[in-house]
$ cat entry09.cif   # mmCIF, C-alpha atoms and all ligand atoms
data_upload
#
loop_
_atom_site.label_atom_id
_atom_site.label_comp_id
_atom_site.auth_asym_id
_atom_site.auth_seq_id
_atom_site.Cartn_x
_atom_site.Cartn_y
_atom_site.Cartn_z
CA MET A 1 53.12 160.27 4.22
CA GLN A 2 55.50 157.71 2.64
CA GLU A 3 58.67 159.19 4.14
CA LEU A 4 57.15 159.52 7.58
CA LEU A 5 55.89 155.95 7.47
CA ARG A 6 59.19 154.59 6.21
CA ALA A 7 61.14 156.34 8.97
CA GLY A 8 58.64 155.16 11.58
CA LEU A 9 58.71 151.56 10.38
CA ARG A 10 62.51 151.64 10.35
CA ALA A 11 62.54 152.92 13.93
CA LEU A 12 60.23 150.08 14.95
CA GLY A 13 62.38 147.50 13.17
CA LEU A 14 59.60 146.72 10.68
CA ASP A 15 59.58 146.30 6.90
CA GLU A 16 59.78 149.76 5.27
CA ALA A 17 58.22 148.44 2.09
CA LYS A 18 54.92 148.17 3.99
CA ALA A 19 54.68 151.96 3.95
CA GLU A 20 53.00 151.64 0.58
CA PRO A 21 50.07 149.37 1.55
CA LEU A 22 49.71 151.31 4.81
CA GLU A 23 49.31 154.52 2.84
CA ALA A 24 46.85 152.82 0.48
CA TYR A 25 44.74 151.89 3.50
CA ALA A 26 45.00 155.45 4.88
CA ARG A 27 43.68 156.74 1.53
CA LEU A 28 40.69 154.38 1.72
CA VAL A 29 39.85 155.53 5.26
CA LEU A 30 40.28 159.23 4.52
CA GLU A 31 38.26 158.98 1.31
CA ARG A 32 35.35 157.16 3.01
CA ASN A 33 35.62 159.49 5.99
CA ARG A 34 34.14 162.21 3.77
CA VAL A 35 30.80 160.44 3.76
CA MET A 36 30.82 158.48 7.01
CA ASN A 37 32.30 158.97 10.45
CA LEU A 38 35.47 156.87 10.65
CA THR A 39 38.08 159.12 12.26
CA ALA A 40 38.54 162.62 13.65
CA ILE A 41 42.19 162.54 12.55
CA THR A 42 42.36 163.81 8.97
CA ASP A 43 45.79 165.46 8.79
CA GLU A 44 48.00 163.01 6.89
CA ALA A 45 51.02 163.22 9.19
CA ASP A 46 48.84 162.82 12.28
CA PHE A 47 47.05 159.89 10.63
CA ALA A 48 50.38 158.22 9.90
CA ARG A 49 51.64 158.67 13.45
CA LEU A 50 48.54 158.39 15.63
CA HIS A 51 46.78 155.62 13.72
CA LEU A 52 49.28 153.67 11.61
CA LEU A 53 52.51 153.83 13.62
CA ASP A 54 50.67 153.65 16.93
CA SER A 55 49.05 150.38 15.76
CA ALA A 56 52.38 149.11 14.40
CA ALA A 57 54.07 149.65 17.77
CA LEU A 58 51.96 146.82 19.19
CA LEU A 59 54.06 144.31 17.26
CA GLY A 60 56.96 145.11 19.59
CA VAL A 61 55.17 144.04 22.76
CA ALA A 62 53.82 140.55 21.99
CA ASP A 63 54.49 137.61 19.73
CA PHE A 64 51.65 137.42 17.22
CA GLY A 65 53.14 134.57 15.17
CA GLY A 66 50.60 131.77 14.58
CA ALA A 67 48.11 133.31 17.00
CA ARG A 68 44.34 133.72 16.72
CA VAL A 69 43.86 137.46 17.28
CA VAL A 70 40.69 139.51 17.79
CA ASP A 71 40.56 143.31 17.61
CA VAL A 72 37.60 144.34 19.77
CA GLY A 73 35.87 147.57 18.67
CA THR A 74 38.19 147.97 15.70
CA GLY A 75 36.22 150.89 14.19
CA ALA A 76 38.03 151.90 11.00
CA GLY A 77 40.46 149.02 11.63
CA PHE A 78 42.81 150.14 14.41
CA PRO A 79 45.00 148.52 15.42
CA GLY A 80 43.98 145.39 13.47
CA VAL A 81 44.39 146.42 9.82
CA PRO A 82 47.92 147.85 10.16
CA LEU A 83 48.89 144.71 12.09
CA ARG A 84 47.53 142.58 9.23
CA ILE A 85 49.35 144.67 6.61
CA LEU A 86 52.62 144.38 8.52
CA ARG A 87 52.38 140.70 9.43
CA GLU A 88 50.58 137.87 7.68
CA ASP A 89 51.39 135.02 10.03
CA PHE A 90 48.35 135.05 12.31
CA ASP A 91 44.56 134.77 11.99
CA LEU A 92 42.72 138.03 12.61
CA THR A 93 39.13 138.83 13.50
CA LEU A 94 38.10 142.47 13.19
CA LEU A 95 35.10 142.90 15.49
CA ASP A 96 32.84 145.92 15.69
CA SER A 97 29.21 146.52 16.58
CA THR A 98 28.62 149.11 13.82
CA ALA A 99 27.50 147.47 10.57
CA LYS A 100 28.60 150.34 8.29
CA ARG A 101 32.14 150.26 9.66
CA VAL A 102 32.36 146.48 9.29
CA ALA A 103 31.11 146.75 5.69
CA PHE A 104 33.83 149.34 5.01
CA LEU A 105 36.45 147.05 6.58
CA ALA A 106 35.38 144.02 4.53
CA GLU A 107 35.51 146.11 1.35
CA SER A 108 38.93 147.56 2.26
CA CYS A 109 40.44 144.17 3.16
CA ARG A 110 39.29 142.89 -0.25
CA ALA A 111 40.67 145.95 -2.05
CA LEU A 112 44.04 145.60 -0.29
CA GLY A 113 44.19 141.84 -0.88
CA LEU A 114 44.52 141.09 2.85
CA ARG A 115 44.23 137.45 3.84
CA ARG A 116 43.44 135.49 7.01
CA VAL A 117 41.05 138.21 8.19
CA ASP A 118 37.38 137.94 9.20
CA CYS A 119 35.28 141.08 9.54
CA VAL A 120 32.50 140.46 12.06
CA CYS A 121 29.63 142.74 13.05
CA ALA A 122 28.67 141.91 16.64
CA ARG A 123 28.86 143.28 20.13
CA ALA A 124 31.82 141.76 21.96
CA GLU A 125 29.63 140.65 24.87
CA ASP A 126 27.35 138.72 22.45
CA PHE A 127 30.24 137.37 20.38
CA ALA A 128 31.54 135.67 23.55
CA ALA A 129 28.55 133.28 23.49
CA ASP A 130 30.08 131.37 20.54
CA GLU A 131 33.71 132.47 20.67
CA ARG A 132 34.41 132.20 24.37
CA GLU A 133 38.11 131.65 25.17
CA ARG A 134 38.94 130.94 21.52
CA TYR A 135 41.57 133.63 21.01
CA ASP A 136 45.26 133.67 21.89
CA ILE A 137 45.35 137.47 21.84
CA ALA A 138 42.69 140.17 22.15
CA VAL A 139 43.67 143.74 21.32
CA SER A 140 41.62 146.88 21.76
CA ARG A 141 42.09 150.64 21.46
CA ALA A 142 39.82 153.54 22.43
CA VAL A 143 36.70 151.50 23.15
CA ALA A 144 35.94 151.82 26.88
CA ALA A 145 37.46 152.38 30.31
CA MET A 146 39.44 149.42 31.64
CA PRO A 147 36.85 147.82 33.96
CA VAL A 148 34.28 147.72 31.11
CA LEU A 149 36.87 146.86 28.46
CA CYS A 150 38.16 143.89 30.44
CA GLU A 151 34.67 142.39 30.64
CA LEU A 152 34.30 142.78 26.85
CA CYS A 153 37.71 141.31 26.02
CA LEU A 154 38.96 138.85 28.64
CA PRO A 155 36.13 136.29 28.11
CA LEU A 156 37.33 135.91 24.49
CA VAL A 157 40.91 135.01 25.52
CA ARG A 158 41.97 131.43 26.21
CA VAL A 159 43.76 130.52 29.43
CA GLY A 160 47.44 131.17 28.71
CA GLY A 161 46.57 133.93 26.23
CA ARG A 162 46.83 137.70 26.54
CA PHE A 163 44.74 140.84 26.32
CA LEU A 164 46.64 143.91 25.06
CA ALA A 165 44.80 147.08 26.06
CA MET A 166 46.06 150.20 24.24
CA LYS A 167 45.71 153.14 26.57
CA SER A 168 46.91 156.64 27.31
CA ALA A 169 50.13 156.85 29.32
CA ARG A 170 48.06 158.66 31.94
CA SER A 171 45.92 155.64 32.74
CA ASP A 172 47.26 154.72 36.18
CA ASP A 173 43.97 155.52 37.93
CA GLU A 174 41.94 153.71 35.29
CA LEU A 175 44.17 150.67 35.63
CA ALA A 176 43.97 150.72 39.42
CA ALA A 177 40.17 150.90 39.16
CA ALA A 178 40.20 147.74 37.01
CA ALA A 179 42.10 145.56 39.51
CA HIS A 180 38.93 143.86 40.76
CA ALA A 181 37.57 143.32 37.23
CA ILE A 182 40.85 141.79 35.99
CA GLU A 183 41.04 139.39 38.94
CA THR A 184 37.34 138.43 38.71
CA LEU A 185 37.61 137.72 34.98
CA GLY A 186 40.60 135.40 35.45
CA GLY A 187 43.41 137.76 34.48
CA ALA A 188 46.48 139.41 35.97
CA VAL A 189 48.50 142.39 34.80
CA GLU A 190 51.70 140.97 33.38
CA ARG A 191 53.39 144.17 32.21
CA VAL A 192 52.71 147.81 31.43
CA VAL A 193 54.69 149.09 28.44
CA ASP A 194 54.94 152.82 27.68
CA TYR A 195 56.21 153.63 24.21
CA THR A 196 56.81 156.77 22.17
CA ILE A 197 55.25 156.80 18.71
CA PRO A 198 58.12 157.22 16.23
CA GLY A 199 58.39 160.72 14.76
CA SER A 200 56.36 162.22 17.58
CA ALA A 201 56.55 163.22 21.22
CA VAL A 202 53.43 161.18 22.00
CA THR A 203 53.73 158.44 24.58
CA HIS A 204 51.09 155.72 24.72
CA ARG A 205 50.73 152.59 26.78
CA VAL A 206 49.95 148.92 26.33
CA VAL A 207 48.62 147.09 29.36
CA ILE A 208 49.41 143.40 28.93
CA ILE A 209 47.00 141.19 30.84
CA SER A 210 47.61 137.44 31.04
CA LYS A 211 44.67 135.08 31.25
CA LEU A 212 45.43 132.78 34.16
CA ARG A 213 42.05 131.14 34.84
CA PRO A 214 38.80 130.62 32.89
CA THR A 215 36.38 133.54 33.10
CA PRO A 216 33.36 132.60 35.25
CA ARG A 217 30.27 131.81 33.15
CA ALA A 218 28.39 134.79 34.58
CA TYR A 219 30.59 137.10 32.44
CA PRO A 220 30.28 138.94 30.18
CA ARG A 221 26.94 140.30 31.34
CA ALA A 222 24.50 142.21 29.10
CA PHE A 223 25.99 145.61 28.13
CA GLY A 224 23.43 147.54 30.21
CA GLN A 225 24.68 145.75 33.32
CA ILE A 226 28.36 146.06 32.40
CA LYS A 227 27.96 149.81 32.00
CA LYS A 228 25.67 150.39 34.95
CA LYS A 229 27.68 148.30 37.39
CA PRO A 230 31.26 147.92 36.12
CA LEU A 231 33.13 145.17 37.96
N1 LIG J 301 39.68 150.88 17.84
C1 LIG J 301 39.42 151.97 16.91
C2 LIG J 301 40.45 153.07 17.05
O1 LIG J 301 41.29 152.99 17.96
O2 LIG J 301 40.45 154.01 16.25
C3 LIG J 301 38.00 152.49 17.03
C4 LIG J 301 37.67 153.21 18.30
S1 LIG J 301 36.03 153.83 18.28
C5 LIG J 301 36.19 155.22 19.35
C6 LIG J 301 35.17 152.60 19.26
C7 LIG J 301 34.58 151.49 18.42
O3 LIG J 301 34.17 150.44 19.30
C8 LIG J 301 33.37 151.91 17.60
O4 LIG J 301 33.57 151.59 16.26
C9 LIG J 301 32.22 151.10 18.22
O5 LIG J 301 31.28 150.70 17.24
C10 LIG J 301 32.95 149.91 18.83
N2 LIG J 301 32.30 149.29 20.01
C11 LIG J 301 31.87 149.91 21.13
N3 LIG J 301 31.36 149.00 22.00
C12 LIG J 301 31.47 147.78 21.39
C13 LIG J 301 31.12 146.46 21.79
N4 LIG J 301 30.53 146.22 22.96
N5 LIG J 301 31.37 145.45 20.94
C14 LIG J 301 31.97 145.70 19.73
N6 LIG J 301 32.31 146.93 19.32
C15 LIG J 301 32.08 147.96 20.13
#
$ encode --input "entry09.cif" --output "structure tokens" --more "lines below"
Ligand code: SAM
Amino acid sequence: MQELLRAGLRALGLDEAKAEPLEAYARLVLERNRVMNLTAITDEADFARLHLLDSAALLGVADFGGARVVDVGTGAGFPGVPLRILREDFDLTLLDSTAKRVAFLAESCRALGLRRVDCVCARAEDFAADERERYDIAVSRAVAAMPVLCELCLPLVRVGGRFLAMKSARSDDELAAAAHAIETLGGAVERVVDYTIPGSAVTHRVVIISKLRPTPRAYPRAFGQIKKKPL
């Protein structure tokens, strides 16, 4: 895994020495995955590419320096934990609604000596009650389709901030279906970036949404409503 990670980090212009802590984190996830459901990807090379390097690629599309960042539905810590390992110059909240996963994350962050990271167990739509528009950047991967995801994430982003939605490169229809939600929630698509994960033929996408106006108070709604009647 080390060589693959080193080559991938080099290709992304990132510090190769971070291959070591990234692998240490992979070992923690794969070990715990034996007794709880954290990831379906258990092959080491696939884990390195599809989890670690995919997360790392996000550093190329936005400036995280000094930002307050929230990873919504982080699960086993993607993309948030690799971002934290690779860069220490921003404040990070790892948010997930599953208590067991958040407990694993807190334990792993301690074991890896990661700093400036809060592990929070809450639903994003509830978290917005106290943390509304407090983040410079929200990131999210593999949590929900765009119209739903935007209602979970955009309320957390301050005006002038950004939401980075990690998606499949075949998400044109999903993105088109979210146009009304993005506009209603105060956002606008700034850029769509397709990238190839180093060492693979896999192309993924980051949809960069700028927050232009405050999100109306009516949003986010309760999850039942969000799901039943997506914006
Ligand atoms: N982001 C990780 C990744 O890319 O591997 C995890 C993806 S996993 C498929 C989706 C995660 O989102 C789960 O851990 C789930 O608990 C969390 N989740 C789903 N809805 C949520 C919500 N409304 N608020 C917070 N977390 C949520």
$ residues_around --input "entry09.cif" --residues "range 98-105 of chain A" --least-positions-apart "6" --cutoff "10 Å" --atoms "only C-alpha atoms" --output "list in words"
Leu28, Val29, Arg32, Met36, Asn37, Leu38, Gly73, Thr74, Gly75, Ala76, Gly77, Val81, Ala111, Asp118, Cys119, Val120, Cys121, Ala122 and Arg123 of chain A
$ residues_near_point --input "entry09.cif" --point "(45.7, 140.0, 1.9)" --cutoff "12 Å" --atoms "all atoms listed in the file" --output "JSON, numbers by chain"
{"A": [21, 81, 82, 83, 84, 85, 86, 87, 88, 89, 90, 91, 92, 106, 107, 108, 109, 110, 111, 112, 113, 114, 115, 116, 117, 118]}
$ residues_around --input "entry09.cif" --residues "Ala57 in chain A" --least-positions-apart "6" --cutoff "12 Å" --atoms "only C-alpha atoms" --output "list in words"
Gly8, Leu9, Arg10, Ala11, Leu12, Gly13, Leu14, Arg49, Leu50, His51, Phe78, Pro79, Gly80, Pro82, Leu83, Leu86, Leu164, Met166, Val193, Asp194, Tyr195, Thr196, Ile197, Pro198, Thr203, His204, Arg205 and Val206 of chain A
$ residues_near_point --input "entry09.cif" --point "(28.4, 140.6, 24.3)" --cutoff "9 Å" --atoms "all atoms listed in the file" --output "ChimeraX atom specification"
/A:122-129,152,220-223
$ residues_around --input "entry09.cif" --residues "Arg27 in chain A" --least-positions-apart "5" --cutoff "12 Å" --atoms "only C-alpha atoms" --output "PyMOL selection string"
chain A and resi 1-2+20-22+32-34+42-44+47-48+52+108+111-112
$ closest_residue --input "entry09.cif" --among "A:Glu151, A:Glu3, A:Ala165, A:Leu58" --to "Gln225 in chain A" --atoms "all atoms listed in the file"
A:Glu151
$ axis_aligned_box --input "entry09.cif" --around "ligand LIG 301 (chain J)" --padding-each-side "3 Å" --output "AutoDock Vina command-line options"
--center_x 35.9 --center_y 150.3 --center_z 19.6 --size_x 16.8 --size_y 15.8 --size_z 12.7
$ decode --input "entry09.cif" --residues "range 202-230 of chain A" --atoms "N, CA and C atoms" --output "PDB file, in the first residue's frame"
ATOM      1  N   VAL A 202     -10.186   5.354 -12.852  1.00  0.00           N
ATOM      2  CA  VAL A 202     -11.483   5.796 -12.312  1.00  0.00           C
ATOM      3  C   VAL A 202     -11.570   7.319 -12.308  1.00  0.00           C
ATOM      4  N   THR A 203     -12.621   7.816 -12.937  1.00  0.00           N
ATOM      5  CA  THR A 203     -12.853   9.264 -12.931  1.00  0.00           C
ATOM      6  C   THR A 203     -14.014   9.584 -11.995  1.00  0.00           C
ATOM      7  N   HIS A 204     -13.791  10.514 -11.097  1.00  0.00           N
ATOM      8  CA  HIS A 204     -14.837  10.991 -10.200  1.00  0.00           C
ATOM      9  C   HIS A 204     -15.032  12.485 -10.410  1.00  0.00           C
ATOM     10  N   ARG A 205     -15.958  13.039  -9.680  1.00  0.00           N
ATOM     11  CA  ARG A 205     -16.349  14.430  -9.911  1.00  0.00           C
ATOM     12  C   ARG A 205     -16.540  15.159  -8.591  1.00  0.00           C
ATOM     13  N   VAL A 206     -16.154  16.421  -8.587  1.00  0.00           N
ATOM     14  CA  VAL A 206     -16.518  17.302  -7.468  1.00  0.00           C
ATOM     15  C   VAL A 206     -17.396  18.417  -8.027  1.00  0.00           C
ATOM     16  N   VAL A 207     -18.572  18.553  -7.472  1.00  0.00           N
ATOM     17  CA  VAL A 207     -19.442  19.670  -7.832  1.00  0.00           C
ATOM     18  C   VAL A 207     -19.215  20.761  -6.788  1.00  0.00           C
ATOM     19  N   ILE A 208     -18.736  21.910  -7.241  1.00  0.00           N
ATOM     20  CA  ILE A 208     -18.441  23.007  -6.320  1.00  0.00           C
ATOM     21  C   ILE A 208     -19.613  23.979  -6.355  1.00  0.00           C
ATOM     22  N   ILE A 209     -20.268  24.105  -5.206  1.00  0.00           N
ATOM     23  CA  ILE A 209     -21.428  24.999  -5.121  1.00  0.00           C
ATOM     24  C   ILE A 209     -21.084  26.170  -4.213  1.00  0.00           C
ATOM     25  N   SER A 210     -21.231  27.380  -4.722  1.00  0.00           N
ATOM     26  CA  SER A 210     -20.968  28.573  -3.901  1.00  0.00           C
ATOM     27  C   SER A 210     -22.248  28.959  -3.178  1.00  0.00           C
ATOM     28  N   LYS A 211     -22.067  29.432  -1.956  1.00  0.00           N
ATOM     29  CA  LYS A 211     -23.234  29.927  -1.204  1.00  0.00           C
ATOM     30  C   LYS A 211     -23.329  31.427  -1.458  1.00  0.00           C
ATOM     31  N   LEU A 212     -24.374  31.829  -2.127  1.00  0.00           N
ATOM     32  CA  LEU A 212     -24.501  33.246  -2.517  1.00  0.00           C
ATOM     33  C   LEU A 212     -25.414  34.031  -1.583  1.00  0.00           C
ATOM     34  N   ARG A 213     -26.445  33.350  -1.060  1.00  0.00           N
ATOM     35  CA  ARG A 213     -27.433  34.012  -0.195  1.00  0.00           C
ATOM     36  C   ARG A 213     -27.722  33.113   1.002  1.00  0.00           C
ATOM     37  N   PRO A 214     -28.226  33.700   2.128  1.00  0.00           N
ATOM     38  CA  PRO A 214     -28.579  32.851   3.264  1.00  0.00           C
ATOM     39  C   PRO A 214     -29.659  31.839   2.867  1.00  0.00           C
ATOM     40  N   THR A 215     -29.596  30.664   3.460  1.00  0.00           N
ATOM     41  CA  THR A 215     -30.641  29.658   3.229  1.00  0.00           C
ATOM     42  C   THR A 215     -31.900  30.079   3.982  1.00  0.00           C
ATOM     43  N   PRO A 216     -33.055  30.087   3.332  1.00  0.00           N
ATOM     44  CA  PRO A 216     -34.292  30.449   4.042  1.00  0.00           C
ATOM     45  C   PRO A 216     -34.484  29.584   5.290  1.00  0.00           C
ATOM     46  N   ARG A 217     -35.048  30.172   6.327  1.00  0.00           N
ATOM     47  CA  ARG A 217     -35.206  29.513   7.632  1.00  0.00           C
ATOM     48  C   ARG A 217     -35.990  28.206   7.563  1.00  0.00           C
ATOM     49  N   ALA A 218     -36.825  28.082   6.550  1.00  0.00           N
ATOM     50  CA  ALA A 218     -37.668  26.872   6.442  1.00  0.00           C
ATOM     51  C   ALA A 218     -36.829  25.611   6.180  1.00  0.00           C
ATOM     52  N   TYR A 219     -35.565  25.789   5.814  1.00  0.00           N
ATOM     53  CA  TYR A 219     -34.691  24.647   5.478  1.00  0.00           C
ATOM     54  C   TYR A 219     -33.499  24.593   6.416  1.00  0.00           C
ATOM     55  N   PRO A 220     -33.037  23.403   6.770  1.00  0.00           N
ATOM     56  CA  PRO A 220     -33.507  22.103   6.308  1.00  0.00           C
ATOM     57  C   PRO A 220     -34.796  21.693   7.030  1.00  0.00           C
ATOM     58  N   ARG A 221     -35.623  20.934   6.311  1.00  0.00           N
ATOM     59  CA  ARG A 221     -36.829  20.381   6.916  1.00  0.00           C
ATOM     60  C   ARG A 221     -36.476  19.089   7.659  1.00  0.00           C
ATOM     61  N   ALA A 222     -37.479  18.500   8.326  1.00  0.00           N
ATOM     62  CA  ALA A 222     -37.261  17.187   8.964  1.00  0.00           C
ATOM     63  C   ALA A 222     -36.930  16.184   7.856  1.00  0.00           C
ATOM     64  N   PHE A 223     -36.123  15.131   8.204  1.00  0.00           N
ATOM     65  CA  PHE A 223     -35.628  14.235   7.159  1.00  0.00           C
ATOM     66  C   PHE A 223     -36.762  13.557   6.385  1.00  0.00           C
ATOM     67  N   GLY A 224     -37.843  13.212   7.084  1.00  0.00           N
ATOM     68  CA  GLY A 224     -38.984  12.568   6.421  1.00  0.00           C
ATOM     69  C   GLY A 224     -39.472  13.412   5.256  1.00  0.00           C
ATOM     70  N   GLN A 225     -39.565  14.708   5.485  1.00  0.00           N
ATOM     71  CA  GLN A 225     -40.028  15.640   4.454  1.00  0.00           C
ATOM     72  C   GLN A 225     -39.012  15.782   3.333  1.00  0.00           C
ATOM     73  N   ILE A 226     -37.729  15.892   3.730  1.00  0.00           N
ATOM     74  CA  ILE A 226     -36.664  16.055   2.724  1.00  0.00           C
ATOM     75  C   ILE A 226     -36.702  14.881   1.748  1.00  0.00           C
ATOM     76  N   LYS A 227     -36.874  13.678   2.331  1.00  0.00           N
ATOM     77  CA  LYS A 227     -36.832  12.470   1.506  1.00  0.00           C
ATOM     78  C   LYS A 227     -38.108  12.298   0.679  1.00  0.00           C
ATOM     79  N   LYS A 228     -39.236  12.615   1.329  1.00  0.00           N
ATOM     80  CA  LYS A 228     -40.517  12.400   0.662  1.00  0.00           C
ATOM     81  C   LYS A 228     -40.722  13.407  -0.467  1.00  0.00           C
ATOM     82  N   LYS A 229     -40.330  14.642  -0.195  1.00  0.00           N
ATOM     83  CA  LYS A 229     -40.530  15.708  -1.192  1.00  0.00           C
ATOM     84  C   LYS A 229     -39.238  16.465  -1.406  1.00  0.00           C
ATOM     85  N   PRO A 230     -38.243  15.857  -2.084  1.00  0.00           N
ATOM     86  CA  PRO A 230     -36.982  16.575  -2.309  1.00  0.00           C
ATOM     87  C   PRO A 230     -37.249  17.883  -3.066  1.00  0.00           C
TER      88      PRO A 230
END
